[in-house]
$ cat work_13.txt   # compact mmCIF, C-alpha atoms
# COMPACT_ATOMS: atom_id res chain seq x y z
CA MET M 951 -19.17 -15.55 -24.77
CA SER M 952 -18.77 -11.84 -25.58
CA GLY M 953 -20.31 -9.37 -23.19
CA ARG M 954 -18.73 -10.93 -20.12
CA THR M 955 -16.37 -8.97 -17.87
CA HIS M 956 -13.25 -10.36 -16.19
CA LEU M 957 -10.74 -8.92 -13.73
CA VAL M 958 -7.33 -10.57 -14.05
CA THR M 959 -4.14 -10.14 -12.05
CA GLY M 960 -0.75 -11.16 -13.39
CA ALA M 961 -1.68 -10.29 -16.98
CA GLY M 962 1.80 -9.05 -17.81
CA SER M 963 3.32 -12.47 -18.49
CA GLY M 964 3.00 -16.23 -18.26
CA ILE M 965 -0.37 -17.82 -17.54
CA GLY M 966 -2.11 -14.50 -16.97
CA ALA M 967 -1.03 -13.12 -20.34
CA ALA M 968 -2.07 -16.32 -22.12
CA LEU M 969 -5.50 -16.16 -20.49
CA VAL M 970 -6.01 -12.50 -21.36
CA ASP M 971 -5.03 -13.27 -24.97
CA ARG M 972 -7.84 -15.83 -25.10
CA LEU M 973 -10.43 -13.58 -23.45
CA HIS M 974 -9.53 -10.53 -25.54
CA ALA M 975 -9.65 -12.53 -28.78
CA ARG M 976 -13.24 -13.57 -28.16
CA GLY M 977 -14.38 -10.06 -27.27
CA ASP M 978 -14.84 -10.23 -23.51
CA ALA M 979 -14.38 -7.05 -21.46
CA LEU M 980 -11.18 -6.93 -19.42
CA ALA M 981 -10.10 -5.12 -16.27
CA LEU M 982 -6.40 -5.73 -15.67
CA LEU M 983 -4.49 -5.03 -12.49
CA ALA M 984 -1.11 -3.32 -12.95
CA ARG M 985 1.49 -2.43 -10.34
CA SER M 986 2.31 0.97 -11.89
CA ALA M 987 0.99 3.51 -14.37
CA GLU M 988 3.76 2.55 -16.79
CA ARG M 989 2.77 -1.11 -16.60
CA ALA M 990 -0.87 -0.15 -17.05
CA ALA M 991 -0.03 1.68 -20.28
CA GLU M 992 1.79 -1.39 -21.59
CA LEU M 993 -1.21 -3.62 -20.88
CA GLU M 994 -3.65 -1.20 -22.52
CA GLN M 995 -1.47 -1.08 -25.63
CA ARG M 996 -1.20 -4.86 -25.84
CA TRP M 997 -4.95 -5.40 -25.36
CA PRO M 998 -6.79 -2.40 -26.84
CA GLY M 999 -10.12 -1.70 -25.21
CA SER M 1000 -9.13 -3.12 -21.84
CA THR M 1001 -9.22 -1.02 -18.70
CA THR M 1002 -6.53 -1.03 -16.04
CA LEU M 1003 -6.45 -0.65 -12.28
CA VAL M 1004 -3.21 0.38 -10.58
CA ALA M 1005 -2.20 -1.15 -7.25
CA ASP M 1006 0.80 -3.04 -5.90
CA LEU M 1007 0.00 -6.58 -4.76
CA ALA M 1008 3.10 -6.47 -2.57
CA ASP M 1009 1.22 -3.84 -0.54
CA PRO M 1010 -2.22 -5.41 0.01
CA ALA M 1011 -3.47 -2.31 1.80
CA SER M 1012 -3.05 -0.35 -1.44
CA LEU M 1013 -5.84 -2.41 -2.96
CA GLU M 1014 -8.37 -0.71 -0.71
CA GLY M 1015 -8.05 2.36 -2.93
CA LEU M 1016 -9.57 0.44 -5.85
CA ALA M 1017 -13.00 0.18 -4.24
CA GLY M 1018 -14.54 3.03 -6.22
CA ASP M 1019 -13.02 1.98 -9.54
CA LEU M 1020 -14.14 -1.63 -9.75
CA PRO M 1021 -16.82 -2.72 -12.25
CA ASP M 1022 -20.38 -3.00 -10.94
CA ARG M 1023 -20.62 -6.53 -12.33
CA LEU M 1024 -17.91 -9.15 -12.78
CA ASP M 1025 -18.30 -12.53 -14.44
CA SER M 1026 -14.94 -13.59 -13.08
CA LEU M 1027 -12.01 -12.64 -10.91
CA VAL M 1028 -8.86 -14.56 -11.82
CA HIS M 1029 -5.89 -14.42 -9.46
CA SER M 1030 -2.91 -15.28 -11.68
CA ALA M 1031 -0.16 -13.08 -10.21
CA GLY M 1032 2.46 -14.69 -8.00
CA VAL M 1033 6.05 -14.50 -6.77
CA VAL M 1034 8.51 -17.10 -5.53
CA ALA M 1035 11.72 -17.06 -3.51
CA LEU M 1036 13.42 -20.41 -2.99
CA GLY M 1037 15.59 -21.38 -0.06
CA PRO M 1038 15.66 -23.62 3.02
CA VAL M 1039 13.77 -22.52 6.11
CA ALA M 1040 17.07 -22.28 7.97
CA GLU M 1041 18.22 -19.49 5.64
CA ALA M 1042 15.05 -17.73 4.46
CA PRO M 1043 14.93 -14.09 5.62
CA LEU M 1044 11.74 -12.59 7.01
CA GLY M 1045 11.37 -10.26 4.05
CA GLU M 1046 11.04 -13.16 1.60
CA TRP M 1047 8.30 -14.74 3.71
CA GLU M 1048 6.45 -11.43 3.96
CA HIS M 1049 6.70 -10.70 0.24
CA GLN M 1050 5.41 -14.10 -0.85
CA LEU M 1051 2.58 -14.12 1.67
CA ALA M 1052 1.58 -10.58 0.69
CA VAL M 1053 1.45 -11.15 -3.07
CA ASN M 1054 0.31 -14.77 -3.14
CA LEU M 1055 -2.21 -14.82 -0.29
CA LEU M 1056 -3.07 -11.53 1.42
CA ALA M 1057 -3.58 -9.50 -1.76
CA PRO M 1058 -5.93 -12.11 -3.28
CA ALA M 1059 -7.93 -12.14 -0.05
CA VAL M 1060 -8.30 -8.35 -0.03
CA LEU M 1061 -9.08 -8.07 -3.75
CA THR M 1062 -11.64 -10.85 -3.54
CA ARG M 1063 -13.43 -9.10 -0.69
CA LEU M 1064 -13.58 -5.87 -2.69
CA CYS M 1065 -14.92 -7.67 -5.77
CA LEU M 1066 -17.59 -9.76 -4.06
CA PRO M 1067 -20.47 -7.32 -4.63
CA ALA M 1068 -19.75 -7.30 -8.38
CA LEU M 1069 -19.30 -11.08 -8.47
CA ARG M 1070 -22.56 -11.64 -6.58
CA ALA M 1071 -24.38 -9.35 -9.01
CA SER M 1072 -23.32 -11.58 -11.93
CA ARG M 1073 -23.22 -14.89 -10.05
CA GLY M 1074 -19.62 -14.94 -11.17
CA THR M 1075 -16.59 -17.16 -10.68
CA VAL M 1076 -13.39 -16.70 -8.68
CA VAL M 1077 -10.37 -18.65 -9.92
CA PHE M 1078 -7.19 -18.97 -7.91
CA VAL M 1079 -4.24 -20.01 -10.08
CA SER M 1080 -2.22 -21.87 -7.48
CA SER M 1081 0.58 -24.44 -7.88
CA GLY M 1082 1.34 -28.08 -7.29
CA GLN M 1083 3.28 -26.74 -4.30
CA GLY M 1084 -0.09 -25.71 -2.87
CA LEU M 1085 -0.92 -29.40 -2.48
CA SER M 1086 2.44 -30.93 -1.55
CA ALA M 1087 5.49 -28.89 -0.52
CA SER M 1088 9.07 -29.65 -1.55
CA ALA M 1089 12.39 -28.78 0.06
CA SER M 1090 13.39 -25.12 -0.41
CA TRP M 1091 9.83 -24.14 -1.36
CA ALA M 1092 8.49 -23.50 2.18
CA GLY M 1093 7.55 -19.82 1.85
CA TYR M 1094 5.94 -20.18 -1.57
CA ALA M 1095 4.19 -23.45 -0.66
CA ALA M 1096 2.89 -21.98 2.59
CA SER M 1097 1.33 -19.08 0.68
CA LYS M 1098 -0.27 -21.48 -1.81
CA HIS M 1099 -1.53 -23.82 0.92
CA GLY M 1100 -3.09 -20.73 2.47
CA LEU M 1101 -4.66 -19.91 -0.88
CA LYS M 1102 -6.33 -23.34 -0.88
CA ALA M 1103 -7.81 -22.60 2.56
CA LEU M 1104 -9.01 -19.22 1.32
CA ALA M 1105 -10.67 -20.83 -1.70
CA ASP M 1106 -12.33 -23.58 0.33
CA SER M 1107 -13.74 -21.14 2.90
CA LEU M 1108 -14.87 -18.69 0.24
CA ARG M 1109 -16.63 -21.44 -1.70
CA ALA M 1110 -18.64 -22.43 1.36
CA GLU M 1111 -19.46 -18.82 2.23
CA GLU M 1112 -20.52 -17.68 -1.23
CA ALA M 1113 -22.51 -20.69 -2.42
CA GLY M 1114 -25.71 -19.03 -1.30
CA HIS M 1115 -24.88 -15.95 -3.41
CA GLY M 1116 -24.29 -18.03 -6.54
CA VAL M 1117 -20.55 -17.26 -6.69
CA ARG M 1118 -18.45 -20.22 -7.84
CA VAL M 1119 -14.89 -20.69 -6.54
CA SER M 1120 -12.25 -22.83 -8.22
CA SER M 1121 -8.53 -23.50 -7.83
CA VAL M 1122 -6.16 -24.56 -10.61
CA TYR M 1123 -2.96 -26.33 -9.56
CA PRO M 1124 -0.47 -26.35 -12.44
CA GLY M 1125 2.86 -28.10 -12.11
CA ARG M 1126 5.98 -26.58 -13.63
CA THR M 1127 4.92 -24.24 -16.42
CA ASP M 1128 7.01 -22.47 -19.06
CA THR M 1129 6.94 -18.94 -17.60
CA PRO M 1130 9.53 -16.30 -16.63
CA MET M 1131 9.05 -17.42 -13.01
CA GLN M 1132 10.00 -20.97 -13.95
CA GLU M 1133 13.10 -19.76 -15.76
CA ALA M 1134 14.14 -17.89 -12.60
CA VAL M 1135 13.52 -21.01 -10.52
CA HIS M 1136 15.83 -23.01 -12.77
CA ALA M 1137 18.51 -20.35 -12.44
CA HIS M 1138 18.25 -20.61 -8.66
CA GLU M 1139 18.46 -24.40 -8.87
CA GLY M 1140 21.48 -24.20 -11.16
CA LYS M 1141 19.71 -26.23 -13.83
CA GLU M 1142 19.56 -25.76 -17.58
CA TYR M 1143 16.19 -24.43 -18.61
CA GLU M 1144 14.35 -26.51 -21.22
CA PRO M 1145 11.00 -24.87 -21.97
CA ALA M 1146 9.68 -27.85 -23.94
CA ARG M 1147 9.72 -30.02 -20.80
CA TRP M 1148 7.09 -27.97 -19.06
CA ILE M 1149 3.41 -27.12 -19.46
CA ARG M 1150 2.68 -24.34 -21.93
CA PRO M 1151 1.00 -21.32 -20.27
CA GLN M 1152 -1.67 -21.52 -22.98
CA THR M 1153 -2.58 -25.00 -21.75
CA VAL M 1154 -3.18 -23.71 -18.22
CA ALA M 1155 -5.12 -20.77 -19.66
CA ASP M 1156 -7.38 -23.23 -21.47
CA ALA M 1157 -7.98 -25.05 -18.16
CA VAL M 1158 -9.02 -21.74 -16.58
CA LEU M 1159 -11.31 -20.99 -19.52
CA HIS M 1160 -12.98 -24.35 -19.04
CA VAL M 1161 -13.73 -23.37 -15.44
CA LEU M 1162 -15.06 -19.95 -16.47
CA ASP M 1163 -17.25 -21.31 -19.26
CA LEU M 1164 -19.01 -24.06 -17.32
CA PRO M 1165 -22.80 -23.76 -17.36
CA GLY M 1166 -24.26 -22.32 -14.18
CA ASP M 1167 -25.38 -25.72 -12.88
CA ALA M 1168 -21.82 -26.93 -12.16
CA GLN M 1169 -18.48 -25.83 -10.80
CA VAL M 1170 -14.95 -27.21 -10.67
CA ARG M 1171 -13.57 -27.13 -7.14
CA ALA M 1172 -9.97 -27.94 -8.10
CA ARG M 1173 -8.14 -28.73 -11.32
CA PRO M 1174 -4.56 -30.07 -11.19
CA ALA M 1175 -2.24 -30.20 -14.20
CA ARG M 1176 1.21 -31.79 -14.50
CA PRO M 1177 3.74 -31.84 -17.34
CA ARG M 1178 3.30 -34.92 -19.50
CA GLY M 1179 5.68 -37.70 -18.55
CA CYS M 1180 6.74 -36.02 -15.33
CA ALA M 1181 7.53 -38.61 -12.68
CA GLY M 1182 8.54 -36.23 -9.90
CA GLY M 1183 9.95 -32.80 -9.08
CA CYS M 1184 7.34 -31.11 -11.25
CA ALA M 1185 5.15 -29.50 -8.62
CA GLY M 1186 6.68 -26.03 -8.70
CA GLY M 1187 4.33 -23.65 -10.46
$ encode --input "work_13.txt" --output "C-alpha cells"
Amino acid sequence: MSGRTHLVTGAGSGIGAALVDRLHARGDALALLARSAERAAELEQRWPGSTTLVADLADPASLEGLAGDLPDRLDSLVHSAGVVALGPVAEAPLGEWEHQLAVNLLAPAVLTRLCLPALRASRGTVVFVSSGQGLSASASWAGYAASKHGLKALADSLRAEEAGHGVRVSSVYPGRTDTPMQEAVHAHEGKEYEPARWIRPQTVADAVLHVLDLPGDAQVRARPARPRGCAGGCAGG
C-alpha cells in the first residue's frame, strides 16, 4: 500500500493518532493538519517524513489559506478531529454551539472542498470519523450531536455529488472510545473513567483502514462500532 498519500486531521491524539501510526508504519505519505507551528513540529517529530499544514479548525475561514499548499493528488482525506461540550440545551451558551459546529462540521466542509481536485485526481476516499451521537442523540449532547448529524448530511450529499468523479465517501460511527475526549466526558459526567470498558482507538483506526483499502469496485457508506457488551449509553464518541 506504500506510495499512497493521505491528509489526516486530529492526528495529535486518539483515533487520529492511531490511524497515522498505522499509515506511517506501512510507508504511506502523510499530510497532517496542525493548529499551530508548535503542534506541527511535534507531529513531524513523531512521524518523520510527514508534512504538516497549519490551520485552526475552530476558524474554518483560516483553511482557505491552505489552497496553495495541498498535495496535487490525495488517496484519502480523513476527518478525525473533533470537540465536545456537554450540557442541556437550556444552559448551553452560544459559544459552545459555535465552537462545536465550526470544528466538527464547517471546517470539514471547507477542507473537503479544497481537497476535491486532489481527491478526484486519485479517485480517492473521504472518511468522516463521526460518532454514535451522529445517529441518535442523547440528553446533554445536543450541540455535539447536531454537528455530527450535520456531518452525516454532508457525507451523504458529497457521496452523491462525487460519484461521477470516482471519489468514495464513507462515515465511521464509533461509540465511546478510549480517548482524551472520552476521559473529559467522564469528568463532566462525574463518573469514574475505566478505559478498558471502551473501544480502543486502534480498533477504530483499523475500521478506517478497511474503508481506505477497499478495492476500487466497492465502497462502505457507513460503518458503526460499539463497545463490546454495551447495552446502552455508549453512543458518545
$ closest_residue --input "work_13.txt" --among "M:Gly1015, M:Gln1083, M:Leu983, M:Val1117" --to "Leu1003 of chain M" --atoms "all atoms listed in the file"
M:Leu983
$ atom_distance --input "work_13.txt" --atom1 "atom CA of Ala1157 of chain M" --atom2 "atom CA of Gly962 of chain M"
18.8 Å
$ closest_residue --input "work_13.txt" --among "M:Leu1056, M:Val1034, M:Ala1068, M:Leu993" --to "Leu1020 of chain M" --atoms "all atoms listed in the file"
M:Ala1068
$ closest_atom_pairs --input "work_13.txt" --of "segment 1001-1063 of chain M" --to "segment 1104-1113 of chain M" --cutoff "10 Å" --atoms "all atoms listed in the file" --output "tab-separated table"
residue	atom	partner	partner_atom	distance
M:Leu1055	CA	M:Leu1104	CA	8.3
M:Leu1056	CA	M:Leu1104	CA	9.7
M:Pro1058	CA	M:Leu1104	CA	9.0
M:Ala1059	CA	M:Leu1104	CA	7.3
M:Thr1062	CA	M:Leu1108	CA	9.3
M:Arg1063	CA	M:Leu1108	CA	9.7
$ atom_distance --input "work_13.txt" --atom1 "atom CA of Phe1078 of chain M" --atom2 "atom CA of Asp971 of chain M"
18.1 Å
$ residues_near_point --input "work_13.txt" --point "(-15.0, -8.6, -15.6)" --cutoff "8 Å" --atoms "all atoms listed in the file" --output "list in words"
Arg954, Thr955, His956, Leu957, Ala979, Leu980, Ala981, Pro1021, Arg1023, Leu1024, Asp1025, Ser1026 and Leu1027 of chain M
$ atom_distance --input "work_13.txt" --atom1 "atom CA of Lys1102 of chain M" --atom2 "atom CA of Leu1016 of chain M"
24.5 Å
$ residues_around --input "work_13.txt" --residues "Ala1005 of chain M" --least-positions-apart "4" --cutoff "6 Å" --atoms "only C-alpha atoms" --output "short mmCIF file (atom, residue, chain, number, x, y, z; two decimals) with C-alpha atoms, keeping the file's coordinate frame"
data_model
loop_
_atom_site.label_atom_id
_atom_site.label_comp_id
_atom_site.auth_asym_id
_atom_site.auth_seq_id
_atom_site.Cartn_x
_atom_site.Cartn_y
_atom_site.Cartn_z
CA ARG M 985 1.49 -2.43 -10.34
CA SER M 1012 -3.05 -0.35 -1.44
CA LEU M 1013 -5.84 -2.41 -2.96
#
$ axis_aligned_box --input "work_13.txt" --around "segment 1032-1050 of chain M" --padding-each-side "3 Å" --output "lines of an AutoDock Vina configuration file"
center_x = 10.3
center_y = -16.9
center_z = 0.0
size_x = 21.8
size_y = 19.4
size_z = 22.0
$ residues_near_point --input "work_13.txt" --point "(11.4, -21.9, -0.9)" --cutoff "6 Å" --atoms "only C-alpha atoms" --output "PDB file with C-alpha atoms, keeping the file's coordinate frame"
ATOM      1  CA  ALA M1035      11.720 -17.060  -3.510  1.00  0.00           C
ATOM      2  CA  LEU M1036      13.420 -20.410  -2.990  1.00  0.00           C
ATOM      3  CA  GLY M1037      15.590 -21.380  -0.060  1.00  0.00           C
ATOM      4  CA  SER M1090      13.390 -25.120  -0.410  1.00  0.00           C
ATOM      5  CA  TRP M1091       9.830 -24.140  -1.360  1.00  0.00           C
ATOM      6  CA  ALA M1092       8.490 -23.500   2.180  1.00  0.00           C
ATOM      7  CA  GLY M1093       7.550 -19.820   1.850  1.00  0.00           C
ATOM      8  CA  TYR M1094       5.940 -20.180  -1.570  1.00  0.00           C
TER       9      TYR M1094
END
$ residues_around --input "work_13.txt" --residues "Gly1116 of chain M" --least-positions-apart "5" --cutoff "12 Å" --atoms "all atoms listed in the file" --output "VMD selection string"
chain M and resid 1025 1066 to 1076 1108 to 1111 1166 to 1169
$ closest_residue --input "work_13.txt" --among "M:Ala1095, M:Ala1052, M:Leu1064, M:Ala991" --to "Gly1018 of chain M" --atoms "all atoms listed in the file"
M:Leu1064
$ closest_residue --input "work_13.txt" --among "M:Ala984, M:Leu1044, M:Val1079, M:Ala1087" --to "Ala961 of chain M" --atoms "all atoms listed in the file"
M:Ala984
$ closest_residue --input "work_13.txt" --among "M:Gly953, M:Gly1045, M:Pro1151, M:Gly1032" --to "Ala968 of chain M" --atoms "only C-alpha atoms"
M:Pro1151
